[in-house]
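Remarks on the structure that follows.
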Amino acid sequence: MTNKQIAEILEEIGTLLELQGDNPFKCRAYHNAGRIIGALTTDVHELIKSNELQTIKGIGQGLAEKLIELDSTGKLKFYDDLKQSVPPGLLEMLRIPGLGPKRIKIVYDRLKIKTVSGLKKAAEEHKLASVSGFGKKTEENILNGIELLQKHTDQHLYSEAKLAADRILEVIRNQRCVIRCDIAGSLRRRKEVIGDIDILASIKKGSERTLMKVFTTHPDVEQIIAQGETKSSVLLNSGINCDLRVIDDIEYPFALAYFTGNKEHNVAMRSLAKKYGWSLNEYGFSELGAEEKRGKAKRIVSCKTEEDVYGALKLAYVPPELRENMGELEAAHEGHIPNLVSEEDLRGTFHCHTTYSDGSNTLLEMVGAARDLGWEYLGIADHSKVAAYAGGLTETRLKQQHKEIDALNAKLRGFTIFKGTEVDILADGSLDWSDKVLSTFDYVVASVHSKFKMTEAEATKRIIKALKNKYVTMLGHPTGRLLLQREGYPVNMVEVINAAADYSKIIEINSHPFRLDLDWRLCKFAKEKGVKVSINPDAHNINGLRDVHYGVGIARKGWLEKRDVINTRTFKEITLLLDHTS
DNA sequence: GCCGTTTTCGGCCCGACTGTTTTCAGTCG
C-alpha cells in the first residue's frame with residue numbers, strides 16, 4: 001500500500017469520525033496523520049521495518065498500531081467497521097459548501113436523510129427549517145450549495161486527470177499491437193479543468209478486441225460504461241471518465257488533431273482547408289465534394305504527423321495548449337507561434353510554505369525537493385501573524401526562520417533560498433507586517449485571506465491599496481476564488497492589473513482550481529500591460545512543488561512566453577527583479 | 001487521537017462571519 005493510499009484512509013477516518021460526532025481533537029489527529037503520511041518521503045513500510053514509525057511527530061501508539069495492521073494485512077478493521085456505520089451519502093454531503101459534519105449528523109439523526117438528493121428534496125419541501133438550529137436561510141444556502149456541487153461534479157483538475165491518464169497510457173503503450181498512442185482532448189490541451197480523459201491509439205489490424213480488453217480490465221477501472229471495437233468508455237476509480245479510441249495508423253495524425261480540438265480550432269482548420277479546395281475530417285484530407293464515406297474519399301495529402309497536417313495548410317505547428325481559435329492560426333501562418341514556457345524552463349518558485357506556518361514539510365525538506373527538481377532557488381513565503389488559522393509566524397519565529405535560511409544559504413552551492421512572506425492584506429488594505437519587518441524580506445507576496453464576502457469595489461480597493469506598499473513584490477492568488485466549489489470575492493482584475501503596472505508589481509498565477517480560466521485571460525491582459533507574472537504552486541509540501549507543472553502557469557501556458565515569466569529567468573535576473581524591494 | 005510533562009492527565013489554533021438564537025454553534029480559511 002502506498003503512502004498516498006494510507007494517507008487517504010487516515011483522512012477518511014478523520015472525516016467519518018467527525019460525522020459520528022467523535023472528539024474533534026481525535027478527528028484532527030487522524031487528519032493530521034493523513035497529511036503527514038502524504039508528505040513523507042520514506043515509505044511507511046520502510047519505517048515500520050526500521051521501527052521508526054513513532055519517531056514521526058503526530059504518529060503515536062494508537063496510529064502506529066493501525067498503520068502496522070494496514071501495512072501487514074492491507075486492511076484495517078477499525079476503518080472497515082467505521083465505514084459500515086456511516087452511510088456513504090453523508091461523505092458526499094460534506095462536499096456541499098456551508099454544510100459541515102455537525103449539521104449533517106443532525107439531519108441524519110433527526111430526519112434520517114442520508115443522500116444529497118434526499119437533502120435537496122427535504123430543503124425544497126422546507127422540512128429542514130423545522131429542525132432546531134436550521135432556518136429558511138440555511139435551507140436556501142444548502143440548495144445553492146447543492147447546485148454548485150452538481151455544476152462542478154463532472155470537472156476534474158488537470159493534475160488529477162493527468163496522473164490517472166498516465167497510468168492507463170503506460171499500460172496501453174506497452175501492448176505489442178499498439179503503434180502510436182497519446183492523450184487527446186482537453187487534457188492534451190492542458191486545460192486547468194477537464195471533463196474526461198480521451199486516449200487515442202493506432203494499432204495493428206485485428207487486435208482491436210485484445211486492446212479493448214486490456215483497457216477495460218485495467219486495475220484502475222471501476223466500471224465499464226461501453227465496450228466496442230473502436231471505442232470503449234470506462235469510469236476510473238478516481239471518478240473520471242476515460243475513453244479509448246482505436247484507429248488505423250494512417251489516420252492517426254488527423255484523428256489526434258481532431259480529438260484534441262478544441263471545437264473552434266477544428267472548425268477554423270476545416271474552413272482553412274476548404275480554401276485549398278480540400279475537406280478535412282478525422283480521417284484525412286479529401287477532395288471537396290468527394291467526402292462520401294470514410295475510406296472512399298481519395299486521400300489527397302499524405303501526413304505522417306500532426307506537423308504534416310498543419311504544414312499542408314501552410315501553418316507552423318500549433319502546440320495543443322494554443323488550439324482555441326484565439327488567433328493561433330494567424331500566428332502559425334505568419335510563423336509567430338510564441339516560445340512557450342515549459343517545465344524545463346522553471347528555475348524556482350516563490351510561494352512555498354513550511355512547517356513554520358501551515359506547510360507540512362520543513363524548510364530543509366522543501367529545499368531538498370526543489371534541488372531534486374533541478375531548480376536554482378526557492379522562495380519561502382510563510383503566513384504572517386494574523387493568519388493564526390494557518391500558523392502565521394510571530395516576529396520571533398520569523399527571526400528564527402531567517403537565521404535558518406542564512407545558515408543554509410551559507411552552506412548551499414548553486415542554490416539560493418529567498419526570504420519571503422505571504423503577508424495578509426487586512427480588511428482596510430494595510431498589511432499584517434510593519435514596514436520595518438517587510439524590509440527584512442527579499443520579496444513579499446500579499447494575499448487576501450479574510451472577509452470573503454466583499455463587493456467587487458471593496459475587494460479591488462483593498463488589493464490596490466496593498467499594492468501601493470513599496471515592499472510588496474507580488475500579488476498572491478489574485479482572482480479571489482480560493483477553493484474548489486466555493487465562491488470567492490469578485491475582483492476587478494482590469495483595475496488591479498493596471499495598478500500592478502503602475503507600481504511595477506508581479507502577479508502570481510498558480511494552480512488554485514476553478515479560477516484558472518480567469519487566470520488565462522488575466523495573463524494575456526497582464527502581458528499586454530507589461531505586468532510580469534510568476535508561476536507559483538502555493539506549495540504546502542514537497543509534493544505540492546510539483547503542482548507547478550500542473551498549474552496554470554504551465555498548463556495554460558497560452559501566450560505566455562519565457563520572457564514574461566520571472567521564474568524562468570536566470571538566477572541573476574531574478575535577483576535583479578527582486579531588488580526593488582530594497 | 002497526540003503530545004508533553006512539574007509523568008498519566010489536560011490541552012490541543014483563532015478570528016470572522018452567518019444564521020440562528022436570546023448568548024451561541026457551526027463553518028470556514
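Chain lettering (A, B, ...) mirrors the order of the C-alpha cells, residue numbering begins at 1 for each chain separately, and ligand numbering begins at 1 in order of display.
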
Once DSSP has gone over the backbone, tell me which residues of segment 355-569 of chain A are in helix (DSSP H, G or I), as number ranges by chain.
A: 363-372, 388-390, 395-411, 435-438, 456-468, 493-502, 516-529, 542-550, 552-555, 562-564, 566-568

Counting only C-alpha atoms (C1' of nucleotides), chain B residues within 6 Å of chain A, as a list of chain:residue names
B:DG1, B:DC2, B:DC13, B:DC14, B:DT20

Ranking A:Gly74, A:Gly89, A:Pro490, A:Pro219 by minimum distance to Glu456 of chain A and counting only C-alpha atoms, which one comes first?
A:Pro490

Gly311 of chain A: which residues within 12 Å, counting only C-alpha atoms (C1' of nucleotides), same-chain residues fewer than 5 positions away excluded, as an MDAnalysis selection string?
chainID A and resid 269 273 301:306 316:318 329 332:333 335
